[in-house]
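S.K.: File start.cif follows (mmCIF, C-alpha atoms and all ligand atoms):
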data_work
loop_
_atom_site.group_PDB
_atom_site.id
_atom_site.type_symbol
_atom_site.label_atom_id
_atom_site.label_comp_id
_atom_site.auth_asym_id
_atom_site.auth_seq_id
_atom_site.Cartn_x
_atom_site.Cartn_y
_atom_site.Cartn_z
ATOM 1 C CA MET A 94 0.000 0.000 0.000
ATOM 2 C CA LYS A 95 1.245 3.470 -0.756
ATOM 3 C CA ALA A 96 0.189 6.998 0.063
ATOM 4 C CA ILE A 97 -1.844 8.686 -2.654
ATOM 5 C CA GLN A 98 -2.310 12.353 -3.390
ATOM 6 C CA MET A 99 -6.085 12.716 -3.707
ATOM 7 C CA ARG A 100 -7.613 15.869 -5.161
ATOM 8 C CA ILE A 101 -10.022 17.562 -2.776
ATOM 9 C CA CYS A 102 -13.426 17.966 -4.444
ATOM 10 C CA SER A 103 -14.858 19.934 -1.514
ATOM 11 C CA ASN A 104 -14.037 20.702 2.101
ATOM 12 C CA GLN A 105 -16.796 22.537 3.905
ATOM 13 C CA GLN A 106 -17.976 23.365 7.390
ATOM 14 C CA VAL A 107 -21.309 21.617 7.953
ATOM 15 C CA SER A 108 -22.058 22.603 11.571
ATOM 16 C CA ASP A 109 -20.432 24.486 14.454
ATOM 17 C CA ARG A 110 -17.834 21.803 15.060
ATOM 18 C CA TYR A 111 -17.951 19.476 12.036
ATOM 19 C CA TRP A 112 -16.444 19.592 8.566
ATOM 20 C CA HIS A 113 -17.011 17.400 5.543
ATOM 21 C CA MET A 114 -14.361 16.538 2.956
ATOM 22 C CA LYS A 115 -14.874 14.796 -0.376
ATOM 23 C CA VAL A 116 -11.852 13.522 -2.299
ATOM 24 C CA ASP A 117 -11.273 12.068 -5.747
ATOM 25 C CA ALA A 118 -10.260 8.438 -5.140
ATOM 26 C CA SER A 119 -9.857 7.409 -8.782
ATOM 27 C CA GLU A 120 -6.150 6.615 -8.197
ATOM 28 C CA LEU A 121 -7.002 4.190 -5.402
ATOM 29 C CA ASN A 122 -6.609 0.556 -6.410
ATOM 30 C CA ALA A 123 -8.254 -1.003 -3.378
ATOM 31 C CA ASP A 124 -11.801 -1.730 -2.353
ATOM 32 C CA VAL A 125 -12.896 0.282 0.682
ATOM 33 C CA GLN A 126 -15.212 -1.250 3.276
ATOM 34 C CA PRO A 127 -17.267 0.387 6.048
ATOM 35 C CA GLY A 128 -15.341 0.447 9.332
ATOM 36 C CA GLN A 129 -11.982 0.916 7.632
ATOM 37 C CA PHE A 130 -10.082 4.161 7.947
ATOM 38 C CA PHE A 131 -7.516 6.305 6.181
ATOM 39 C CA GLN A 132 -4.537 8.202 7.547
ATOM 40 C CA LEU A 133 -4.576 11.773 6.262
ATOM 41 C CA ARG A 134 -1.693 14.237 6.291
ATOM 42 C CA CYS A 135 -3.130 17.465 7.606
ATOM 43 C CA GLY A 136 -1.491 20.064 5.375
ATOM 44 C CA HIS A 137 1.820 20.118 3.541
ATOM 45 C CA ASP A 138 4.173 21.267 6.331
ATOM 46 C CA ILE A 139 6.319 19.267 8.716
ATOM 47 C CA HIS A 140 3.846 20.143 11.497
ATOM 48 C CA PRO A 141 1.586 18.326 12.296
ATOM 49 C CA LEU A 142 4.006 15.501 11.636
ATOM 50 C CA LEU A 143 1.767 12.533 12.342
ATOM 51 C CA ARG A 144 -1.061 11.615 10.019
ATOM 52 C CA ARG A 145 -4.526 11.576 11.577
ATOM 53 C CA PRO A 146 -6.947 8.628 11.284
ATOM 54 C CA PHE A 147 -10.415 9.181 9.795
ATOM 55 C CA SER A 148 -13.116 6.605 9.074
ATOM 56 C CA ILE A 149 -14.857 6.354 5.790
ATOM 57 C CA TYR A 150 -18.102 8.303 5.946
ATOM 58 C CA ARG A 151 -19.365 7.587 2.434
ATOM 59 C CA ILE A 152 -18.035 5.431 -0.373
ATOM 60 C CA ASN A 153 -19.151 6.494 -3.853
ATOM 61 C CA ARG A 154 -17.952 3.584 -5.986
ATOM 62 C CA MET A 155 -19.472 4.762 -9.292
ATOM 63 C CA GLU A 156 -18.167 8.299 -8.867
ATOM 64 C CA ARG A 157 -14.867 7.029 -7.395
ATOM 65 C CA THR A 158 -14.918 9.492 -4.536
ATOM 66 C CA LEU A 159 -14.647 9.099 -0.783
ATOM 67 C CA GLU A 160 -16.100 11.295 1.941
ATOM 68 C CA PHE A 161 -14.922 12.035 5.450
ATOM 69 C CA LEU A 162 -16.825 13.753 8.244
ATOM 70 C CA TYR A 163 -14.544 15.250 10.867
ATOM 71 C CA LEU A 164 -14.782 17.004 14.180
ATOM 72 C CA VAL A 165 -12.398 19.920 14.570
ATOM 73 C CA LYS A 166 -10.370 19.075 17.637
ATOM 74 C CA GLY A 167 -6.697 20.074 17.663
ATOM 75 C CA ALA A 168 -3.812 21.069 15.415
ATOM 76 C CA GLY A 169 -4.387 18.390 12.772
ATOM 77 C CA THR A 170 -8.071 18.853 12.167
ATOM 78 C CA GLN A 171 -7.739 22.648 12.383
ATOM 79 C CA ARG A 172 -5.121 22.502 9.643
ATOM 80 C CA LEU A 173 -7.375 20.190 7.623
ATOM 81 C CA THR A 174 -10.089 22.856 7.557
ATOM 82 C CA LEU A 175 -7.684 25.171 5.690
ATOM 83 C CA MET A 176 -7.331 22.764 2.765
ATOM 84 C CA GLN A 177 -9.376 23.828 -0.220
ATOM 85 C CA ALA A 178 -11.065 22.252 -3.215
ATOM 86 C CA GLY A 179 -8.501 21.641 -5.948
ATOM 87 C CA GLU A 180 -5.661 21.091 -3.462
ATOM 88 C CA TYR A 181 -4.256 17.589 -2.926
ATOM 89 C CA VAL A 182 -4.387 15.722 0.358
ATOM 90 C CA ASP A 183 -1.928 12.917 1.133
ATOM 91 C CA VAL A 184 -4.008 9.832 1.989
ATOM 92 C CA PHE A 185 -2.798 6.433 3.221
ATOM 93 C CA GLY A 186 -5.152 3.459 3.326
ATOM 94 C CA PRO A 187 -7.605 1.828 3.482
ATOM 95 C CA LEU A 188 -6.470 0.471 6.841
ATOM 96 C CA GLY A 189 -7.901 -1.894 9.428
ATOM 97 C CA THR A 190 -10.576 -4.553 9.546
ATOM 98 C CA PRO A 191 -14.049 -3.645 8.281
ATOM 99 C CA PHE A 192 -17.476 -4.382 9.758
ATOM 100 C CA VAL A 193 -18.986 -7.734 8.808
ATOM 101 C CA LEU A 194 -22.482 -7.484 7.332
ATOM 102 C CA GLN A 195 -24.009 -10.913 6.696
ATOM 103 C CA ASP A 196 -26.208 -11.348 3.617
ATOM 104 C CA ASP A 197 -28.934 -13.155 5.566
ATOM 105 C CA TRP A 198 -29.453 -10.325 8.069
ATOM 106 C CA GLU A 199 -32.686 -8.366 7.580
ATOM 107 C CA THR A 200 -32.460 -5.656 10.239
ATOM 108 C CA ILE A 201 -29.449 -4.183 12.012
ATOM 109 C CA LEU A 202 -29.229 -1.745 14.908
ATOM 110 C CA LEU A 203 -26.749 1.146 14.942
ATOM 111 C CA LEU A 204 -25.834 3.026 18.132
ATOM 112 C CA ALA A 205 -23.495 5.974 17.645
ATOM 113 C CA ARG A 206 -22.321 8.913 19.680
ATOM 114 C CA GLY A 207 -20.653 12.078 18.393
ATOM 115 C CA VAL A 208 -18.305 11.542 15.512
ATOM 116 C CA GLY A 209 -18.930 7.788 15.760
ATOM 117 C CA ILE A 210 -21.877 8.607 13.533
ATOM 118 C CA ALA A 211 -19.387 9.150 10.688
ATOM 119 C CA THR A 212 -18.105 5.585 11.035
ATOM 120 C CA LEU A 213 -21.565 3.994 11.090
ATOM 121 C CA ALA A 214 -22.892 6.047 8.152
ATOM 122 C CA ALA A 215 -20.826 4.028 5.675
ATOM 123 C CA LEU A 216 -22.266 0.857 7.184
ATOM 124 C CA ALA A 217 -25.817 2.210 6.797
ATOM 125 C CA GLN A 218 -24.971 2.923 3.150
ATOM 126 C CA ASP A 219 -23.690 -0.629 2.640
ATOM 127 C CA ALA A 220 -26.761 -2.069 4.405
ATOM 128 C CA ALA A 221 -29.092 -0.076 2.142
ATOM 129 C CA GLU A 222 -27.260 -1.345 -0.946
ATOM 130 C CA LYS A 223 -27.677 -4.938 0.302
ATOM 131 C CA GLY A 224 -31.363 -4.493 1.190
ATOM 132 C CA VAL A 225 -30.732 -4.669 4.940
ATOM 133 C CA GLN A 226 -32.925 -2.363 7.051
ATOM 134 C CA ALA A 227 -31.069 -0.195 9.603
ATOM 135 C CA VAL A 228 -32.520 1.295 12.756
ATOM 136 C CA ALA A 229 -30.281 3.843 14.437
ATOM 137 C CA ILE A 230 -29.994 5.662 17.724
ATOM 138 C CA LEU A 231 -27.760 8.710 17.367
ATOM 139 C CA SER A 232 -26.488 10.528 20.430
ATOM 140 C CA ALA A 233 -24.817 13.939 20.401
ATOM 141 C CA ARG A 234 -24.177 17.016 22.516
ATOM 142 C CA SER A 235 -26.685 19.101 20.593
ATOM 143 C CA ARG A 236 -29.104 18.875 17.666
ATOM 144 C CA ASN A 237 -26.545 20.846 15.706
ATOM 145 C CA ASP A 238 -24.145 17.875 15.965
ATOM 146 C CA LEU A 239 -26.666 15.367 14.581
ATOM 147 C CA LEU A 240 -25.840 16.173 10.978
ATOM 148 C CA ALA A 241 -25.439 12.590 9.781
ATOM 149 C CA ALA A 242 -29.053 11.847 10.750
ATOM 150 C CA GLU A 243 -30.267 13.034 7.352
ATOM 151 C CA THR A 244 -27.590 10.999 5.584
ATOM 152 C CA LEU A 245 -28.751 7.873 7.404
ATOM 153 C CA GLN A 246 -32.398 8.639 6.655
ATOM 154 C CA GLY A 247 -31.371 9.052 3.012
ATOM 155 C CA PHE A 248 -30.181 5.436 3.173
ATOM 156 C CA GLY A 249 -33.637 4.419 4.411
ATOM 157 C CA ALA A 250 -32.626 4.027 8.057
ATOM 158 C CA GLN A 251 -35.113 4.643 10.844
ATOM 159 C CA VAL A 252 -33.347 7.224 13.016
ATOM 160 C CA LEU A 253 -33.980 8.148 16.648
ATOM 161 C CA HIS A 254 -31.879 10.842 18.246
ATOM 162 C CA VAL A 255 -30.975 11.875 21.756
ATOM 163 C CA THR A 256 -28.981 14.919 22.844
ATOM 164 C CA ASP A 257 -27.323 16.279 25.964
ATOM 165 C CA GLU A 258 -28.956 19.687 25.474
ATOM 166 C CA GLU A 259 -32.419 18.087 25.545
ATOM 167 C CA GLN A 260 -31.366 15.847 28.447
ATOM 168 C CA THR A 261 -32.456 12.742 26.551
ATOM 169 C CA SER A 262 -29.028 11.090 26.183
ATOM 170 C CA GLY A 263 -28.576 9.454 29.601
ATOM 171 C CA VAL A 264 -27.588 5.783 29.573
ATOM 172 C CA GLU A 265 -30.858 4.630 31.163
ATOM 173 C CA GLN A 266 -32.872 6.702 28.694
ATOM 174 C CA VAL A 267 -30.986 5.079 25.813
ATOM 175 C CA ARG A 268 -31.539 1.671 27.426
ATOM 176 C CA GLY A 269 -35.291 2.397 27.307
ATOM 177 C CA LEU A 270 -35.064 3.241 23.597
ATOM 178 C CA LEU A 271 -33.027 0.102 22.893
ATOM 179 C CA ASP A 272 -35.575 -2.037 24.741
ATOM 180 C CA SER A 273 -38.477 -0.643 22.722
ATOM 181 C CA LEU A 274 -36.592 -0.997 19.425
ATOM 182 C CA LEU A 275 -35.850 -4.610 20.304
ATOM 183 C CA GLN A 276 -39.526 -5.201 21.045
ATOM 184 C CA GLN A 277 -40.623 -3.656 17.742
ATOM 185 C CA ASN A 278 -37.969 -5.222 15.459
ATOM 186 C CA ARG A 279 -36.236 -8.542 15.055
ATOM 187 C CA ILE A 280 -32.659 -7.273 15.224
ATOM 188 C CA ASP A 281 -30.070 -9.596 13.651
ATOM 189 C CA ALA A 282 -26.961 -7.684 14.667
ATOM 190 C CA ALA A 283 -25.887 -4.466 16.383
ATOM 191 C CA PHE A 284 -23.037 -2.023 15.749
ATOM 192 C CA THR A 285 -21.609 0.821 17.794
ATOM 193 C CA CYS A 286 -18.990 3.555 17.725
ATOM 194 C CA GLY A 287 -18.130 6.739 19.578
ATOM 195 C CA SER A 288 -18.904 6.209 23.268
ATOM 196 C CA LYS A 289 -17.554 3.814 25.873
ATOM 197 C CA ARG A 290 -20.583 4.173 28.156
ATOM 198 C CA LEU A 291 -23.037 3.495 25.310
ATOM 199 C CA SER A 292 -20.869 0.610 24.121
ATOM 200 C CA ARG A 293 -20.978 -0.891 27.627
ATOM 201 C CA LEU A 294 -24.758 -0.496 27.532
ATOM 202 C CA LEU A 295 -24.978 -2.208 24.152
ATOM 203 C CA GLN A 296 -22.655 -4.961 25.396
ATOM 204 C CA ASP A 297 -25.102 -5.597 28.233
ATOM 205 C CA VAL A 298 -28.260 -5.438 26.097
ATOM 206 C CA THR A 299 -26.931 -7.581 23.223
ATOM 207 C CA ARG A 300 -25.600 -10.171 25.676
ATOM 208 C CA LYS A 301 -29.060 -10.450 27.292
ATOM 209 C CA HIS A 302 -30.779 -10.762 23.896
ATOM 210 C CA ALA A 303 -28.041 -12.991 22.364
ATOM 211 C CA ILE A 304 -27.528 -10.605 19.443
ATOM 212 C CA PRO A 305 -24.090 -10.504 17.768
ATOM 213 C CA ALA A 306 -22.543 -7.052 17.983
ATOM 214 C CA GLN A 307 -19.499 -5.237 16.610
ATOM 215 C CA ILE A 308 -17.694 -2.112 17.786
ATOM 216 C CA ALA A 309 -15.373 0.268 15.936
ATOM 217 C CA LEU A 310 -12.859 1.524 18.492
ATOM 218 C CA GLU A 311 -11.120 4.886 18.378
ATOM 219 C CA GLU A 312 -7.813 5.087 20.222
ATOM 220 C CA HIS A 313 -5.037 7.632 19.901
ATOM 221 C CA MET A 314 -2.822 6.388 17.081
ATOM 222 C CA GLY A 315 0.798 6.929 16.189
ATOM 223 C CA CYS A 316 1.910 4.995 13.106
ATOM 224 C CA ALA A 317 -1.404 3.176 12.370
ATOM 225 C CA MET A 318 0.647 0.364 10.817
ATOM 226 C CA GLY A 319 0.981 -1.867 13.848
ATOM 227 C CA VAL A 320 4.543 -0.861 14.723
ATOM 228 C CA CYS A 321 4.331 1.682 17.565
ATOM 229 C CA PHE A 322 1.716 0.001 19.809
ATOM 230 C CA ALA A 323 0.230 3.402 20.754
ATOM 231 C CA CYS A 324 -3.340 2.263 20.152
ATOM 232 C CA VAL A 325 -3.539 -0.989 22.115
ATOM 233 C CA CYS A 326 -6.594 -2.238 23.998
ATOM 234 C CA ASP A 327 -7.558 -5.455 25.769
ATOM 235 C CA VAL A 328 -9.873 -8.147 24.409
ATOM 236 C CA LYS A 329 -11.066 -11.333 26.086
ATOM 237 C CA GLU A 330 -9.938 -14.621 24.544
ATOM 238 C CA GLY A 331 -11.648 -17.334 26.603
ATOM 239 C CA ASP A 332 -10.397 -16.867 30.172
ATOM 240 C CA HIS A 333 -7.455 -14.723 29.113
ATOM 241 C CA LEU A 334 -6.956 -11.093 28.240
ATOM 242 C CA LYS A 335 -5.091 -10.356 25.051
ATOM 243 C CA THR A 336 -3.628 -6.987 24.102
ATOM 244 C CA VAL A 337 -4.408 -5.996 20.517
ATOM 245 C CA ARG A 338 -3.630 -3.031 18.279
ATOM 246 C CA VAL A 339 -6.684 -1.044 17.206
ATOM 247 C CA CYS A 340 -4.985 -0.031 13.938
ATOM 248 C CA LYS A 341 -4.021 -3.561 12.909
ATOM 249 C CA GLU A 342 -6.344 -6.100 14.549
ATOM 250 C CA GLY A 343 -9.173 -3.498 14.626
ATOM 251 C CA PRO A 344 -10.647 -0.982 14.612
ATOM 252 C CA VAL A 345 -13.679 -3.322 14.371
ATOM 253 C CA PHE A 346 -13.966 -6.025 17.052
ATOM 254 C CA PRO A 347 -16.728 -8.322 18.315
ATOM 255 C CA LEU A 348 -18.330 -6.180 21.038
ATOM 256 C CA GLU A 349 -18.556 -8.974 23.594
ATOM 257 C CA LYS A 350 -14.761 -9.464 23.525
ATOM 258 C CA VAL A 351 -13.695 -5.870 24.126
ATOM 259 C CA VAL A 352 -12.789 -4.723 27.644
ATOM 260 C CA LEU A 353 -14.400 -1.290 27.907
HETATM 261 C C1 LIG A 401 -9.844 4.404 13.526
HETATM 262 C C2 LIG A 401 -10.208 5.847 13.826
HETATM 263 C C3 LIG A 401 -11.178 6.467 13.064
HETATM 264 C C4 LIG A 401 -11.520 7.804 13.312
HETATM 265 N N1 LIG A 401 -12.461 8.399 12.529
HETATM 266 C C5 LIG A 401 -12.774 9.681 12.717
HETATM 267 C C6 LIG A 401 -13.717 10.334 11.885
HETATM 268 O O1 LIG A 401 -14.281 9.739 10.955
HETATM 269 N N2 LIG A 401 -13.988 11.655 12.128
HETATM 270 C C7 LIG A 401 -13.369 12.343 13.155
HETATM 271 O O2 LIG A 401 -13.637 13.520 13.344
HETATM 272 N N3 LIG A 401 -12.470 11.745 13.964
HETATM 273 C C8 LIG A 401 -12.142 10.443 13.769
HETATM 274 N N4 LIG A 401 -11.210 9.844 14.572
HETATM 275 C C9 LIG A 401 -10.567 10.661 15.615
HETATM 276 C C10 LIG A 401 -9.522 11.572 14.944
HETATM 277 O O3 LIG A 401 -8.469 10.787 14.435
HETATM 278 C C11 LIG A 401 -8.946 12.564 15.966
HETATM 279 O O4 LIG A 401 -9.987 13.402 16.405
HETATM 280 C C12 LIG A 401 -7.879 13.393 15.317
HETATM 281 O O5 LIG A 401 -6.747 12.605 15.078
HETATM 282 C C13 LIG A 401 -7.512 14.557 16.217
HETATM 283 O O6 LIG A 401 -6.388 15.200 15.662
HETATM 284 P P1 LIG A 401 -6.048 16.695 16.022
HETATM 285 O O7 LIG A 401 -4.668 16.955 15.606
HETATM 286 O O8 LIG A 401 -7.100 17.619 15.501
HETATM 287 O O9 LIG A 401 -6.220 16.727 17.582
HETATM 288 P P2 LIG A 401 -5.127 16.512 18.702
HETATM 289 O O10 LIG A 401 -5.888 16.266 19.931
HETATM 290 O O11 LIG A 401 -4.178 17.670 18.707
HETATM 291 O O12 LIG A 401 -4.346 15.216 18.282
HETATM 292 C C14 LIG A 401 -3.129 14.881 18.891
HETATM 293 C C15 LIG A 401 -2.808 13.433 18.654
HETATM 294 O O13 LIG A 401 -3.762 12.577 19.265
HETATM 295 C C16 LIG A 401 -4.392 11.732 18.316
HETATM 296 N N5 LIG A 401 -5.813 11.732 18.687
HETATM 297 C C17 LIG A 401 -6.509 12.721 19.267
HETATM 298 N N6 LIG A 401 -7.774 12.359 19.488
HETATM 299 C C18 LIG A 401 -7.907 11.091 19.042
HETATM 300 C C19 LIG A 401 -8.986 10.167 19.007
HETATM 301 N N7 LIG A 401 -10.218 10.447 19.482
HETATM 302 N N8 LIG A 401 -8.755 8.971 18.470
HETATM 303 C C20 LIG A 401 -7.549 8.666 18.014
HETATM 304 N N9 LIG A 401 -6.486 9.475 18.018
HETATM 305 C C21 LIG A 401 -6.661 10.688 18.521
HETATM 306 C C22 LIG A 401 -4.095 12.364 16.985
HETATM 307 O O14 LIG A 401 -4.018 11.407 15.934
HETATM 308 C C23 LIG A 401 -2.768 13.011 17.220
HETATM 309 O O15 LIG A 401 -1.699 12.100 17.042
HETATM 310 C C24 LIG A 401 -10.865 8.526 14.356
HETATM 311 C C25 LIG A 401 -9.890 7.889 15.131
HETATM 312 C C26 LIG A 401 -9.572 6.570 14.868
HETATM 313 C C27 LIG A 401 -8.521 5.896 15.704
#
Translate the structure described by the file into structure tokens.
Ligand SMILES: Cc1cc2nc3c(=O)[nH]c(=O)nc-3n(C[C@H](O)[C@H](O)[C@H](O)COP(=O)(O)OP(=O)(O)OC[C@H]3O[C@@H](n4cnc5c(N)ncnc54)[C@H](O)[C@@H]3O)c2cc1C

M.R.:
Amino acid sequence: MKAIQMRICSNQQVSDRYWHMKVDASELNADVQPGQFFQLRCGHDIHPLLRRPFSIYRINRMERTLEFLYLVKGAGTQRLTLMQAGEYVDVFGPLGTPFVLQDDWETILLLARGVGIATLAALAQDAAEKGVQAVAILSARSRNDLLAAETLQGFGAQVLHVTDEEQTSGVEQVRGLLDSLLQQNRIDAAFTCGSKRLSRLLQDVTRKHAIPAQIALEEHMGCAMGVCFACVCDVKEGDHLKTVRVCKEGPVFPLEKVVL
């Protein structure tokens, strides 16, 4: 795999804290799957030195473009906002293990918090293309941060949202929503990203209902190639704990195995 200079088609602010970037991926000779991520160089200078990891938000195979949705956080993402359409961004990937979406599943449940919504949007897109119905609970600080809700609805997903500002995002409130969704739908599998407390909740609920579940983990990354071990986490293997690298063995793991 090599780094590719991808032309930026657009890079726009879409809410107070979020930006959206679309790049021309016609030079990419690899299939991209939901759950995988790319390492982007933020700018053309020596600083910030490390690439930053971003999940695939949308995969447009016909158009040969990729989309990223990013939260402006620190030096890297701030620099990324300065990149303009027509400029080239240095992109390395796709990296990591994707989500598994079985052909015989009819309905899947998505539970995302914050920018985790970006990671699950590509899965909702894939599900729609395979005729799998998605029901989603999206959690965010404010309504303003729920921008991917429309994208998911565009893929035919049933979307419920909870926010901190409306005081609807507490764990027990989300548990109530999960319980009613599970009563109304026969859920074949569940997926989560973006919040440890919601992931713990989903771990509990899916264990009780014997539903297979997957999580996309986000850990601070250095090299993202499995060398530096900056992004390790623990997973259960039988009675033992095993340390794994999120960039290499993940970022997608079976939810029941991850120590949260
Ligand atoms: C697999 C994966 C997929 C991701 N997908 C997205 C996405 O689609 N959209 C999005 O907005 N963000 C995503 N993130 C988080 C994103 O990488 C960080 O927010 C970003 O690197 C912050 O960089 P910064 O320079 O702006 O902030 P800083 O805080 O200045 O970053 C400093 C260092 O910490 C690392 N870092 C900081 N926060 C995180 C974090 N939450 N996770 C991992 N590393 C971090 C950075 O890579 C950098 O090396 C993802 C992270 C991972 C691991």

S.K.: How many Å lie between CA of Val165 in chain A and CA of Ala214 in chain A, rounded to one decimal?

M.R.: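 These two atoms are separated by 18.5 Å.
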
S.K.: Could you spell out the hits of the PyMOL selection byres (((not hetatm)) within 7 of (chain A and resi 401)) on the shown file, as an mmCIF file with C-alpha atoms, keeping the file's coordinate frame?

M.R.:
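Ended up saving to part-v2.cif:
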data_model
loop_
_atom_site.group_PDB
_atom_site.id
_atom_site.type_symbol
_atom_site.label_atom_id
_atom_site.label_comp_id
_atom_site.auth_asym_id
_atom_site.auth_seq_id
_atom_site.Cartn_x
_atom_site.Cartn_y
_atom_site.Cartn_z
ATOM 1 C CA PHE A 130 -10.082 4.161 7.947
ATOM 2 C CA LEU A 143 1.767 12.533 12.342
ATOM 3 C CA ARG A 144 -1.061 11.615 10.019
ATOM 4 C CA ARG A 145 -4.526 11.576 11.577
ATOM 5 C CA PRO A 146 -6.947 8.628 11.284
ATOM 6 C CA PHE A 147 -10.415 9.181 9.795
ATOM 7 C CA SER A 148 -13.116 6.605 9.074
ATOM 8 C CA ILE A 149 -14.857 6.354 5.790
ATOM 9 C CA TYR A 150 -18.102 8.303 5.946
ATOM 10 C CA PHE A 161 -14.922 12.035 5.450
ATOM 11 C CA LEU A 162 -16.825 13.753 8.244
ATOM 12 C CA TYR A 163 -14.544 15.250 10.867
ATOM 13 C CA LEU A 164 -14.782 17.004 14.180
ATOM 14 C CA VAL A 165 -12.398 19.920 14.570
ATOM 15 C CA LYS A 166 -10.370 19.075 17.637
ATOM 16 C CA GLY A 167 -6.697 20.074 17.663
ATOM 17 C CA ALA A 168 -3.812 21.069 15.415
ATOM 18 C CA GLY A 169 -4.387 18.390 12.772
ATOM 19 C CA THR A 170 -8.071 18.853 12.167
ATOM 20 C CA GLN A 171 -7.739 22.648 12.383
ATOM 21 C CA VAL A 208 -18.305 11.542 15.512
ATOM 22 C CA GLY A 209 -18.930 7.788 15.760
ATOM 23 C CA ALA A 211 -19.387 9.150 10.688
ATOM 24 C CA THR A 212 -18.105 5.585 11.035
ATOM 25 C CA LEU A 310 -12.859 1.524 18.492
ATOM 26 C CA GLU A 311 -11.120 4.886 18.378
ATOM 27 C CA GLU A 312 -7.813 5.087 20.222
ATOM 28 C CA HIS A 313 -5.037 7.632 19.901
ATOM 29 C CA MET A 314 -2.822 6.388 17.081
ATOM 30 C CA GLY A 315 0.798 6.929 16.189
ATOM 31 C CA CYS A 340 -4.985 -0.031 13.938
ATOM 32 C CA PRO A 344 -10.647 -0.982 14.612
#

S.K.: Selection in question (the file shown): the PyMOL selection byres (((chain A and resi 123) around 9) and not hetatm). Which residues does it include, as a list in words?

M.R.: Met94, Leu121, Asn122, Asp124, Val125, Gly186 and Pro187 of chain A

S.K.: Which residues, named as in the file, does the PyMOL selection byres (((chain A and resi 181) around 9) and not hetatm) pick out? Answer as a count of residues only.

M.R.: 12

S.K.: Write out as a ChimeraX atom specification which residues come within 9 Å of Ala221 in chain A when counting only C-alpha atoms, dropping same-chain ones fewer than 6 positions away.

M.R.: /A:227,248-250

S.K.: I need the residue nearest Arg268 in chain A from this list: A:Leu204, A:Val325, A:Leu133, A:Ala282. Use only C-alpha atoms for the distance.

M.R.: A:Leu204

S.K.: A:Asp327, A:Glu160, A:Asp219, A:Glu349: which is nearest Thr299 in chain A, counting only C-alpha atoms?

M.R.: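 Nearest to Thr299 in chain A: A:Glu349.
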
S.K.: For a quick check of understanding, using only C-alpha atoms, which of A:Arg134, A:Arg300, A:Arg206, A:Arg338 has the smallest distance to Ala241 in chain A?

M.R.: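 The closest residue to Ala241 in chain A is A:Arg206.
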
S.K.: Which residue, A:Ile97, A:Ala217, A:Asp272, A:Lys335, has the smallest gap to Asp297 in chain A when you use all atoms listed in the file?

M.R.: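 Ranking A:Ile97, A:Ala217, A:Asp272, A:Lys335 by distance to Asp297 in chain A, first place goes to A:Asp272.
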
S.K.: Would you please work out which residue, of A:Lys95, A:Lys289, A:His113, A:Arg234, is nearest to Phe131 in chain A when using all atoms listed in the file?

M.R.: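 The answer is A:Lys95, which sits nearest to Phe131 in chain A.
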
S.K.: Which is closer to Asn237 in chain A than all the others in A:Gln218, A:Ser103, A:Ser108, A:Gln296, using all atoms listed in the file?

M.R.: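 Counting all atoms listed in the file, the residue closest to Asn237 in chain A is A:Ser108.
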
S.K.: Please list as an MDAnalysis selection string every residue within 12 Å of Pro305 in chain A, counting all atoms listed in the file and excluding residues in the same chain fewer than 6 positions away.

M.R.: chainID A and resid 193:195 198 201:202 280:285 295:299 346:350

S.K.: Suppose you want the space between CA of Ala229 in chain A and CA of His302 in chain A; what is it in Å?

M.R.: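 Between CA of Ala229 in chain A and CA of His302 in chain A the gap works out to 17.4 Å.
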
S.K.: For CA of His137 in chain A and CA of Arg110 in chain A, quote the distance in Å rounded to one decimal.

M.R.: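 Interatomic distance, CA of His137 in chain A to CA of Arg110 in chain A: 22.8 Å.
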
S.K.: Padding 3 Å on each side, edges along x, y and z: where is the centre of the box around the listed atoms of range 187-202 of chain A, and how long are its edges in Å to one decimal? Output it as JSON.

M.R.:
{"center_x": -19.6, "center_y": -5.7, "center_z": 9.2, "size_x": 32.2, "size_y": 21.0, "size_z": 17.4}
